[in-house]
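Visitor: Before I ask anything, let me first share the structure, which is written out below as structure tokens.
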There are 2 protein chains.
Amino acid sequence: MPKPSRQTFRGGFPMNTATLLKAMKKILDPSRIVHGELERRLYSYDSSYLSVRGRYCPDIVVLPRSTAEVSKIMAFAYGNGVPVTPRGAGSGETCGCVPVRGGIVMDLSGWNTVEEVDVHNMQVLVRPGVVHSRLNDHLARFGLFFPPDPGSTRMCTLGGMVANNSSGMRAVKYGTTEQYVLGLEVVLPDGEVIVTGGQNCRALKNASGINLTKLFVGSEGTLGVITLIRLRVWPRPRARGIAMACFDKLEQAPAAVLDVYRAGILPSGIEILDESAIRAVNLYRPEINLPSAEAILLFEVDGNPASVEWEGQMIAEIMIKNSATVEWSTDPQRMTALWQGRSVVAAAASRLRPDGTRVFAGEDVCVPLDRVAEALRAIKDLGRKYGIAVVAYGHIGDGNIHTALVIDPDNPDEVSRLDGLVDEIHRLAVNLRGTTTGEHGVGLVRSAYSLLEHGNALERMRQVKGALDPRGIMNPGKIF
Amino acid sequence: MPKPSRQTFRGGFPMNTATLLKAMKKILDPSRIVHGELERRLYSYDSSYLSVRGRYCPDIVVLPRSTAEVSKIMAFAYGNGVPVTPRGAGSGETCGCVPVRGGIVMDLSGWNTVEEVDVHNMQVLVRPGVVHSRLNDHLARFGLFFPPDPGSTRMCTLGGMVANNSSGMRAVKYGTTEQYVLGLEVVLPDGEVIVTGGQNCRALKNASGINLTKLFVGSEGTLGVITLIRLRVWPRPRARGIAMACFDKLEQAPAAVLDVYRAGILPSGIEILDESAIRAVNLYRPEINLPSAEAILLFEVDGNPASVEWEGQMIAEIMIKNSATVEWSTDPQRMTALWQGRSVVAAAASRLRPDGTRVFAGEDVCVPLDRVAEALRAIKDLGRKYGIAVVAYGHIGDGNIHTALVIDPDNPDEVSRLDGLVDEIHRLAVNLRGTTTGEHGVGLVRSAYSLLEHGNALERMRQVKGALDPRGIMNPGKIF
């Protein structure tokens, strides 16, 4: 039996788990309610380091499987001022799906049906729990794909991707999730169900009305619960190719990227491994044997076969002009080999220090393209200052840098130094006219920087939230 | 001297032109205030037919040239409940910039500086009055371009494009304006200035906070005044090609479009001329001599030279398989010739009836791709039912159909029949799971259909507007 917790929610009166449980049992089959203490603990974290350190346990977890169920749960929560935190796979890095004020966690990961592939209209309708890679496997049968490509593809859900406006490697050419969301079914905080993008619409363009769709994209569960997603999908490109370029000097890499853009080429991905990442990969998998360099760039180009060949040759020429050694391939096996360094770098990061653990904190800054080299050098200096190993890689095509910080989490001194380092990384990014987060979002872990980033616009975000969630029950404690 | 008008605005007390004039003179140089009766009349219309029929004259027109001036004007208007309607070139088709409740029109068309081309970060900062074609001429020097391509390119302003989320011919591949807006400076109804997308940010991606940027895009001047626009721009493609395909049966055209998508090709534009448009073009310019057909498709592909050649050949093959006759060219002169039919169709429409005038009403529906042929046939039937000539063309790649309606505007009976026809065209689009507007927006002319399109989501749009504009002074009478 769960030990009853007693919380005073925003509604103003205390409610214990037993009362919540009773109410949820009127809405849901008991098999879709989680209330045991241990099971609830499983919902107290995501992939962020902060969630490991915190103790943010929900009072109850519900697993709805229909819009009607979600609506009833929200109406109850709204009436009683109980916080609700929607959750997908928990692959986020920001505590976004962690219930920092307790209340209800709504686990949508099991609600994972692809409702319809509308081939004739180049769109797909999915429930929030559909996993990204599963969607693309499904779409491949129709010659279609959903271009955004997060690193967590085999885990993250479409609901989470929309809520966080996820992107990943292919944003250079294909943009972020937002660009593909044509419409949403959303359950609002008070339980009302709306459809954005036209209540019955299947058009590919729609200029009617205030764009609520895009307001919900990236709102991190603070405005409502997404229950159905209408996504534009694209024809699958027929060909791809990979180029790997190695640079003696870090600064040459962003300059070479700009030259590629100037040549009229938009690769589907441009990734960087800096010297620390190269070292980590070679320690982790010596057989990959990346050449020693201050930076390696990996380009992926896709499109029709003629285009891929043309762009590959052109990229190779540009790299040579920028003093890099370069290899270009369209052979599937060789492409996999060339890409291998990038594939394993996240896992390899910890190897820089065999007794350490990679933690996700300050891992997602994004700076202007012309500040990337400066940012990477400064972050390395900060790592030295705080005595913490930093492995840097990421989506250089957008200026989005992933910094893997490796610490011994059992050493309180290191943890305290980590906090200092993360704070400085975040402030550095804003000072370089970048942002603390290029793709992972704010959640709880970056909310301290929202005012720094947005100034007085933050209050206006709050007003917009207040219009849709006047009682502040949707994922409270996040963003603001 | 202007005849003083006396209006009771939302602020609750009457204000005449003289009082408004006095207040504006404290903020602006008199040369940037328009108050003569005749001059004010010039601000009573846009390109919509409705504005020609209405009498929506502003009480005063102001031409601010700085954010500080806009802010002071808004603060005054907010304090006194005076409506404010921002205006660019007036090329809209929806009465969007027409002051249906009087008050202040803010003409931003002269505030037209390109503030900065940030080549290294692939972005540009412009004031709202910059004309679209002028921006692209300017960007061409840097090998860059801003992809959305409205028909009014030589006239429309960037401020208007952002406010209406404009698109045009290239949306198939490049999306709408929204996709390129990285951040905005906006003066809110109460005069406060905010910067969206990060107050000092130059990054290409930013996942921080509720996305106010995208909320303002397409909000048609109902939430605030856009005073600076930060746009992502792209490398200019090196090559382009045009294919023209002629079909005996209308239904073959959308089927052929889908086959092109299925081949993994995203043309930069796919345009259709139906039989009425072909006839109109041949009457207007017999030397163009379009072949007689039920439909002509025009494809534009762009990219690197190898890609363009590959896609052009592939499109030609697909057209032949779909029983079309087809011509493909990358020769600049021949491309212009092939495209000529599309270029002149808007001007040609009136020729279908030499005593008639083309009016912009019901001109912008968008339907799912698989309903395009059905929509075109139904619209033609409706034209016959109401005895009004209809010329149909448009961006078939998105299902966005432009219907040119040709009437004698001095004949009240025809005008009344026009109203019936336009209403049925709008309802048809929604019934076919489309929208009344694919790109031109709602404004006043389509506000009667907002509830039909959005259902209960409309009230939520109103709530969001209310949060930012509690006194309802920004472009009142539009959308809702």
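Please note that chains go A, B, ... in the order of the structure tokens, that every chain numbers its residues from 1, and that ligands are numbered from 1 in the order shown.
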Using only C-alpha atoms, find each residue of segment 69-139 of chain A with at least one atom at most 12 Å away from an atom of segment 364-372 of chain A; report its shortest atom-to-atom pair and that distance in Å (one decimal), sort the rows by chain and rising residue number, and return the result as CSV.
Guide:
```
residue,atom,partner,partner_atom,distance
A:Gly92,CA,A:Asp364,CA,11.6
A:Glu93,CA,A:Asp364,CA,9.2
A:Thr94,CA,A:Asp364,CA,10.3
```
Visitor: Residues of the last selection are to be written out with N, CA and C atoms, as a PDB file, in the first residue's frame.
Guide:
```pdb
ATOM      1  N   GLY A  92      13.849  13.533 -22.137  1.00  0.00           N
ATOM      2  CA  GLY A  92      14.238  14.943 -22.070  1.00  0.00           C
ATOM      3  C   GLY A  92      15.378  15.192 -21.098  1.00  0.00           C
ATOM      4  N   GLU A  93      15.995  16.366 -21.234  1.00  0.00           N
ATOM      5  CA  GLU A  93      17.188  16.680 -20.418  1.00  0.00           C
ATOM      6  C   GLU A  93      16.949  17.891 -19.525  1.00  0.00           C
ATOM      7  N   THR A  94      15.672  18.227 -19.273  1.00  0.00           N
ATOM      8  CA  THR A  94      15.395  19.503 -18.610  1.00  0.00           C
ATOM      9  C   THR A  94      14.483  19.394 -17.399  1.00  0.00           C
TER      10      THR A  94
END
```
Visitor: Could you please tell me, as a ChimeraX atom specification, which residues of chain B have an atom within 6 Å of chain A when using only C-alpha atoms?
Guide: /B:120-121,194,198-208,210-211,215,219,235-237,261,264,306-307,367-370,398,433-434,437-439,441-442,453-454,457,461,463-464,467
Visitor: As a count of residues only, which residues of segment 132-310 of chain A does DSSP assign to strand (DSSP E or B)?
Guide: 49
Visitor: As number ranges by chain, which residues of segment 15-257 of chain B does DSSP assign to alpha helix (DSSP H)?
Guide: B: 17-25, 37-41, 49-53, 67-80, 132-140, 158-164, 171-174, 212-216, 252-257
Visitor: So that I can check the surroundings of segment 108-111 of chain A, please list as number ranges by chain every protein, DNA and RNA residue that reaches within 6 Å of it, counting only C-alpha atoms and ignoring chain neighbours fewer than 2 positions away.
Guide: A: 65, 87-89, 129
Visitor: Kindly save the residues from that selection, with N, CA and C atoms included, as a PDB file, in the first residue's frame.
Guide:
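Writing the result to part_29.pdb gives the following:
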```pdb
ATOM      1  N   ARG A  65      -5.875   6.598 -22.379  1.00  0.00           N
ATOM      2  CA  ARG A  65      -5.759   6.076 -23.741  1.00  0.00           C
ATOM      3  C   ARG A  65      -6.812   6.661 -24.673  1.00  0.00           C
ATOM      4  N   ARG A  87       3.803  13.431 -19.795  1.00  0.00           N
ATOM      5  CA  ARG A  87       5.094  12.750 -19.934  1.00  0.00           C
ATOM      6  C   ARG A  87       5.072  11.802 -21.124  1.00  0.00           C
ATOM      7  N   GLY A  88       6.152  11.826 -21.902  1.00  0.00           N
ATOM      8  CA  GLY A  88       6.307  10.855 -22.981  1.00  0.00           C
ATOM      9  C   GLY A  88       7.275   9.779 -22.532  1.00  0.00           C
ATOM     10  N   ALA A  89       8.435   9.696 -23.200  1.00  0.00           N
ATOM     11  CA  ALA A  89       9.403   8.652 -22.884  1.00  0.00           C
ATOM     12  C   ALA A  89      10.336   9.042 -21.743  1.00  0.00           C
ATOM     13  N   GLY A 129       2.122   9.097 -28.020  1.00  0.00           N
ATOM     14  CA  GLY A 129       3.128   8.147 -27.550  1.00  0.00           C
ATOM     15  C   GLY A 129       3.920   7.451 -28.649  1.00  0.00           C
TER      16      GLY A 129
END
```
Visitor: In Å, rounded to a single decimal, give me how far atom CA of Val445 of chain B is from atom CA of Tyr386 of chain B.
Guide: 19.7 Å
